[in-house]
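Asks: Next up is a structure, given as structure tokens.
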Amino acid sequence: MITATPPAPLPPAPFVALAPTPSVRPARAEDAAALAELSQPFVLSGELRERPASLYATHALDFLVAQGRPGGPLDGCVGLRTHPAGPGEGGRGAVGVLYNFCVAGQRQGHGVGAALLRSVLAVARARSLGALYTATTGGGGLFLRYGFAPTTAPLAPVAWAGSLDPRRNARIFTKAL
């Protein structure tokens, strides 16, 4: 008779504290100082342009923000500005430009950027925008994973493309919606 010895029980899995899933919401004027503070490390590294807190207050409605917990610090933000079709841009309808997209260093790699990007894509579609554009000094991996493709400044909204600083050597991406 053959008898089998049951396997030894597995040791308990180690406890891993998961970071809270970020909640994405529209920014409010009172978020202006927090938006400026969140953006500052990226300004210092040259990844973002410096913007005064007053600009964040004036354009708060452009932004979505991510927070891990209500009342907690901002984990990330992204601005969405609508650009109507300009003269000579063929019957193209309004498009959007994503700007000031940043995630706090300690929250990078935890899905905050993806949550913001999914949310801003939903907002852009709800506004019936025909496409989105963005520029980044980074590799653009998140944008590529969400269907953005490299493009050139002449294909982007004229006013926005003209505001890009060529010294920053940013890559431009677009996504048709």
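Please note that chains go A, B, ... in the order of the structure tokens, that every chain numbers its residues from 1, and that ligands are numbered from 1 in the order shown.
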Between segment 46-66 of chain A and segment 163-174 of chain A, at 12 Å or less, what are the per-residue closest atom pairs and their distances in Å? Count only C-alpha atoms, order by chain and rising residue number, and return it as a tab-separated table.
Replies:
```
residue	atom	partner	partner_atom	distance
A:Gly46	CA	A:Arg168	CA	7.8
A:Glu47	CA	A:Arg168	CA	8.2
A:Leu48	CA	A:Arg168	CA	9.4
A:Arg49	CA	A:Asp165	CA	9.5
```
Asks: Please return as a PyMOL selection string: the residues of chain A that backbone DSSP assigns to helix (DSSP H, G or I).
Replies: chain A and resi 29-44+53-58+60-62+105-107+112-126+141-145+153-155+158-163+166-168
Asks: List the spatial neighbours of segment 21-24 of chain A as a list of chain:residue names - criterion: any atom at most 7 Å away, only C-alpha atoms, same-chain residues fewer than 2 positions off excluded.
Replies: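 Counting only C-alpha atoms, the residues come to A:Ala19, A:Leu64, A:Val65, A:Ala66, A:Gln67, A:Gly68, A:Val112, A:Leu116.
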Asks: Applying 8 Å and only C-alpha atoms, which residues near Leu61 of chain A remain after dropping the ones on its own chain fewer than 4 positions away? List them as a VMD selection string.
Replies: chain A and resid 26 to 29
Asks: Can you spit out the residues from that selection as a PDB file, in the first residue's frame, using all heavy atoms?
Replies:
```pdb
ATOM      1  N   PRO A  26     -12.212  66.813  -9.980  1.00  0.00           N
ATOM      2  CA  PRO A  26     -11.841  68.108 -10.544  1.00  0.00           C
ATOM      3  C   PRO A  26     -11.168  68.968  -9.476  1.00  0.00           C
ATOM      4  O   PRO A  26     -11.534  68.918  -8.297  1.00  0.00           O
ATOM      5  CB  PRO A  26     -13.174  68.727 -10.967  1.00  0.00           C
ATOM      6  CG  PRO A  26     -14.137  67.575 -11.037  1.00  0.00           C
ATOM      7  CD  PRO A  26     -13.655  66.569 -10.032  1.00  0.00           C
ATOM      8  N   ALA A  27     -10.182  69.729  -9.879  1.00  0.00           N
ATOM      9  CA  ALA A  27      -9.511  70.644  -8.949  1.00  0.00           C
ATOM     10  C   ALA A  27     -10.437  71.819  -8.647  1.00  0.00           C
ATOM     11  O   ALA A  27     -11.352  72.129  -9.411  1.00  0.00           O
ATOM     12  CB  ALA A  27      -8.211  71.144  -9.558  1.00  0.00           C
ATOM     13  N   ARG A  28     -10.155  72.439  -7.532  1.00  0.00           N
ATOM     14  CA  ARG A  28     -10.880  73.643  -7.110  1.00  0.00           C
ATOM     15  C   ARG A  28      -9.866  74.765  -6.945  1.00  0.00           C
ATOM     16  O   ARG A  28      -8.662  74.502  -6.787  1.00  0.00           O
ATOM     17  CB  ARG A  28     -11.595  73.380  -5.783  1.00  0.00           C
ATOM     18  CG  ARG A  28     -12.590  72.222  -5.839  1.00  0.00           C
ATOM     19  CD  ARG A  28     -13.261  71.983  -4.492  1.00  0.00           C
ATOM     20  NE  ARG A  28     -12.369  71.420  -3.507  1.00  0.00           N
ATOM     21  CZ  ARG A  28     -12.294  70.128  -3.197  1.00  0.00           C
ATOM     22  NH1 ARG A  28     -13.087  69.255  -3.798  1.00  0.00           N
ATOM     23  NH2 ARG A  28     -11.447  69.693  -2.273  1.00  0.00           N
ATOM     24  N   ALA A  29     -10.333  75.999  -6.961  1.00  0.00           N
ATOM     25  CA  ALA A  29      -9.432  77.147  -6.812  1.00  0.00           C
ATOM     26  C   ALA A  29      -8.591  77.022  -5.546  1.00  0.00           C
ATOM     27  O   ALA A  29      -7.411  77.378  -5.538  1.00  0.00           O
ATOM     28  CB  ALA A  29     -10.223  78.451  -6.816  1.00  0.00           C
TER      29      ALA A  29
END
```
Asks: Residues of segment 14-121 of chain A that approach segment 134-150 of chain A to 12 Å or less, counting only C-alpha atoms: could you list each one with the shortest pair of atoms and its distance in Å to one decimal, rows by chain and increasing residue number, as JSON lines?
Replies:
```
{"residue": "A:Phe42", "atom": "CA", "partner": "A:Thr137", "partner_atom": "CA", "distance": 10.6}
{"residue": "A:Val43", "atom": "CA", "partner": "A:Thr137", "partner_atom": "CA", "distance": 11.7}
{"residue": "A:Ser45", "atom": "CA", "partner": "A:Thr137", "partner_atom": "CA", "distance": 10.4}
{"residue": "A:Gly46", "atom": "CA", "partner": "A:Thr137", "partner_atom": "CA", "distance": 8.4}
{"residue": "A:Glu47", "atom": "CA", "partner": "A:Thr137", "partner_atom": "CA", "distance": 5.9}
{"residue": "A:Leu48", "atom": "CA", "partner": "A:Thr137", "partner_atom": "CA", "distance": 8.5}
{"residue": "A:Arg49", "atom": "CA", "partner": "A:Thr137", "partner_atom": "CA", "distance": 11.1}
{"residue": "A:Val78", "atom": "CA", "partner": "A:Thr134", "partner_atom": "CA", "distance": 10.7}
{"residue": "A:Gly79", "atom": "CA", "partner": "A:Thr134", "partner_atom": "CA", "distance": 10.2}
{"residue": "A:Leu80", "atom": "CA", "partner": "A:Thr134", "partner_atom": "CA", "distance": 9.5}
{"residue": "A:Arg81", "atom": "CA", "partner": "A:Thr134", "partner_atom": "CA", "distance": 10.5}
{"residue": "A:Val95", "atom": "CA", "partner": "A:Thr134", "partner_atom": "CA", "distance": 11.0}
{"residue": "A:Gly96", "atom": "CA", "partner": "A:Thr134", "partner_atom": "CA", "distance": 8.6}
{"residue": "A:Val97", "atom": "CA", "partner": "A:Thr134", "partner_atom": "CA", "distance": 5.6}
{"residue": "A:Leu98", "atom": "CA", "partner": "A:Thr134", "partner_atom": "CA", "distance": 5.0}
{"residue": "A:Tyr99", "atom": "CA", "partner": "A:Thr134", "partner_atom": "CA", "distance": 6.5}
{"residue": "A:Asn100", "atom": "CA", "partner": "A:Thr136", "partner_atom": "CA", "distance": 9.5}
{"residue": "A:Phe101", "atom": "CA", "partner": "A:Thr136", "partner_atom": "CA", "distance": 8.9}
{"residue": "A:Cys102", "atom": "CA", "partner": "A:Thr136", "partner_atom": "CA", "distance": 10.5}
{"residue": "A:Gln108", "atom": "CA", "partner": "A:Leu142", "partner_atom": "CA", "distance": 11.6}
{"residue": "A:Gly109", "atom": "CA", "partner": "A:Leu142", "partner_atom": "CA", "distance": 10.7}
{"residue": "A:Gly111", "atom": "CA", "partner": "A:Leu142", "partner_atom": "CA", "distance": 10.4}
{"residue": "A:Val112", "atom": "CA", "partner": "A:Leu142", "partner_atom": "CA", "distance": 11.1}
{"residue": "A:Gly113", "atom": "CA", "partner": "A:Leu142", "partner_atom": "CA", "distance": 7.8}
{"residue": "A:Ala114", "atom": "CA", "partner": "A:Leu142", "partner_atom": "CA", "distance": 7.3}
{"residue": "A:Ala115", "atom": "CA", "partner": "A:Leu142", "partner_atom": "CA", "distance": 10.9}
{"residue": "A:Leu116", "atom": "CA", "partner": "A:Leu142", "partner_atom": "CA", "distance": 10.9}
{"residue": "A:Leu117", "atom": "CA", "partner": "A:Tyr146", "partner_atom": "CA", "distance": 8.2}
{"residue": "A:Arg118", "atom": "CA", "partner": "A:Tyr146", "partner_atom": "CA", "distance": 8.4}
{"residue": "A:Ser119", "atom": "CA", "partner": "A:Tyr146", "partner_atom": "CA", "distance": 11.9}
{"residue": "A:Val120", "atom": "CA", "partner": "A:Tyr146", "partner_atom": "CA", "distance": 11.7}
{"residue": "A:Leu121", "atom": "CA", "partner": "A:Tyr146", "partner_atom": "CA", "distance": 9.5}
```
Asks: May I ask which of the residues A:Asp31, A:Arg125, A:Ala94, A:Ala153 is the closest one to Phe63 of chain A, counting only C-alpha atoms?
Replies: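 The closest residue to Phe63 of chain A is A:Asp31.
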Asks: Give me the residues near Ala131 of chain A as a PDB file with N, CA, C and O atoms, in the first residue's frame, where near means some atom within 6 Å (using only C-alpha atoms) and where sequence neighbours in that chain fewer than 2 positions away do not count.
Replies:
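Saved as selection12.pdb:
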```pdb
ATOM      1  N   VAL A  95      -9.772  70.232 -30.138  1.00  0.00           N
ATOM      2  CA  VAL A  95      -8.873  69.212 -29.607  1.00  0.00           C
ATOM      3  C   VAL A  95      -8.458  69.644 -28.205  1.00  0.00           C
ATOM      4  O   VAL A  95      -8.658  70.783 -27.805  1.00  0.00           O
ATOM      5  N   LEU A 129     -14.053  66.050 -27.812  1.00  0.00           N
ATOM      6  CA  LEU A 129     -12.816  66.492 -28.446  1.00  0.00           C
ATOM      7  C   LEU A 129     -12.389  65.451 -29.470  1.00  0.00           C
ATOM      8  O   LEU A 129     -12.583  64.252 -29.270  1.00  0.00           O
ATOM      9  N   LYS A 175      -3.389  61.498 -29.588  1.00  0.00           N
ATOM     10  CA  LYS A 175      -4.313  60.357 -29.571  1.00  0.00           C
ATOM     11  C   LYS A 175      -5.629  60.827 -30.143  1.00  0.00           C
ATOM     12  O   LYS A 175      -6.225  61.778 -29.647  1.00  0.00           O
ATOM     13  N   ALA A 176      -6.108  60.158 -31.191  1.00  0.00           N
ATOM     14  CA  ALA A 176      -7.428  60.445 -31.745  1.00  0.00           C
ATOM     15  C   ALA A 176      -8.474  59.860 -30.790  1.00  0.00           C
ATOM     16  O   ALA A 176      -8.281  58.782 -30.241  1.00  0.00           O
ATOM     17  N   LEU A 177      -9.538  60.591 -30.608  1.00  0.00           N
ATOM     18  CA  LEU A 177     -10.601  60.110 -29.714  1.00  0.00           C
ATOM     19  C   LEU A 177     -11.826  59.707 -30.499  1.00  0.00           C
ATOM     20  O   LEU A 177     -12.074  60.108 -31.574  1.00  0.00           O
TER      21      LEU A 177
END
```
Asks: Any chance you could list, as a ChimeraX atom specification, the residues in segment 15-159 of chain A that come up strand (DSSP E) when DSSP is run on the backbone?
Replies: /A:23-26,63-67,74-83,95-103,131-136,149-151
Asks: Would you output that residue set with C-alpha atoms, as a PDB file, in the first residue's frame?
Replies:
```
ATOM      1  CA  SER A  23      -9.525  59.210  -6.014  1.00  0.00           C
ATOM      2  CA  VAL A  24      -9.607  61.535  -9.025  1.00  0.00           C
ATOM      3  CA  ARG A  25     -11.678  64.705  -8.868  1.00  0.00           C
ATOM      4  CA  PRO A  26     -11.841  68.108 -10.544  1.00  0.00           C
ATOM      5  CA  PHE A  63      -7.203  70.283 -13.717  1.00  0.00           C
ATOM      6  CA  LEU A  64      -8.026  66.873 -12.393  1.00  0.00           C
ATOM      7  CA  VAL A  65      -6.275  65.903  -9.172  1.00  0.00           C
ATOM      8  CA  ALA A  66      -5.633  62.543  -7.527  1.00  0.00           C
ATOM      9  CA  GLN A  67      -5.694  62.024  -3.770  1.00  0.00           C
ATOM     10  CA  LEU A  74      -2.407  65.669  -3.748  1.00  0.00           C
ATOM     11  CA  ASP A  75      -0.822  62.609  -5.331  1.00  0.00           C
ATOM     12  CA  GLY A  76      -0.940  63.909  -8.897  1.00  0.00           C
ATOM     13  CA  CYS A  77      -2.555  66.279 -11.350  1.00  0.00           C
ATOM     14  CA  VAL A  78      -3.160  66.846 -15.035  1.00  0.00           C
ATOM     15  CA  GLY A  79      -4.482  69.881 -16.871  1.00  0.00           C
ATOM     16  CA  LEU A  80      -6.710  69.700 -19.955  1.00  0.00           C
ATOM     17  CA  ARG A  81      -7.101  72.777 -22.110  1.00  0.00           C
ATOM     18  CA  THR A  82      -9.441  72.843 -25.098  1.00  0.00           C
ATOM     19  CA  HIS A  83      -8.208  74.393 -28.352  1.00  0.00           C
ATOM     20  CA  VAL A  95      -8.873  69.212 -29.607  1.00  0.00           C
ATOM     21  CA  GLY A  96      -7.396  69.038 -26.134  1.00  0.00           C
ATOM     22  CA  VAL A  97      -3.931  69.534 -24.759  1.00  0.00           C
ATOM     23  CA  LEU A  98      -2.788  67.754 -21.617  1.00  0.00           C
ATOM     24  CA  TYR A  99      -0.359  69.779 -19.567  1.00  0.00           C
ATOM     25  CA  ASN A 100       1.291  69.905 -16.154  1.00  0.00           C
ATOM     26  CA  PHE A 101       0.863  66.124 -15.776  1.00  0.00           C
ATOM     27  CA  CYS A 102       2.752  65.073 -12.662  1.00  0.00           C
ATOM     28  CA  VAL A 103       2.664  62.474  -9.904  1.00  0.00           C
ATOM     29  CA  ALA A 131      -7.915  64.356 -30.318  1.00  0.00           C
ATOM     30  CA  LEU A 132      -5.543  64.969 -27.449  1.00  0.00           C
ATOM     31  CA  TYR A 133      -1.999  66.278 -27.582  1.00  0.00           C
ATOM     32  CA  THR A 134       0.712  66.409 -24.969  1.00  0.00           C
ATOM     33  CA  ALA A 135       4.425  67.051 -24.714  1.00  0.00           C
ATOM     34  CA  THR A 136       6.868  65.409 -22.333  1.00  0.00           C
ATOM     35  CA  ALA A 149       1.507  58.103 -30.831  1.00  0.00           C
ATOM     36  CA  PRO A 150       4.456  60.399 -31.492  1.00  0.00           C
ATOM     37  CA  THR A 151       3.654  63.383 -33.686  1.00  0.00           C
TER      38      THR A 151
END
```
Asks: Between A:Leu44, A:Ala57, A:Ala122, A:Ala34, which has the minimum distance to Gly71 of chain A (counting only C-alpha atoms)?
Replies: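 Nearest candidate to Gly71 of chain A out of A:Leu44, A:Ala57, A:Ala122, A:Ala34: A:Ala34.
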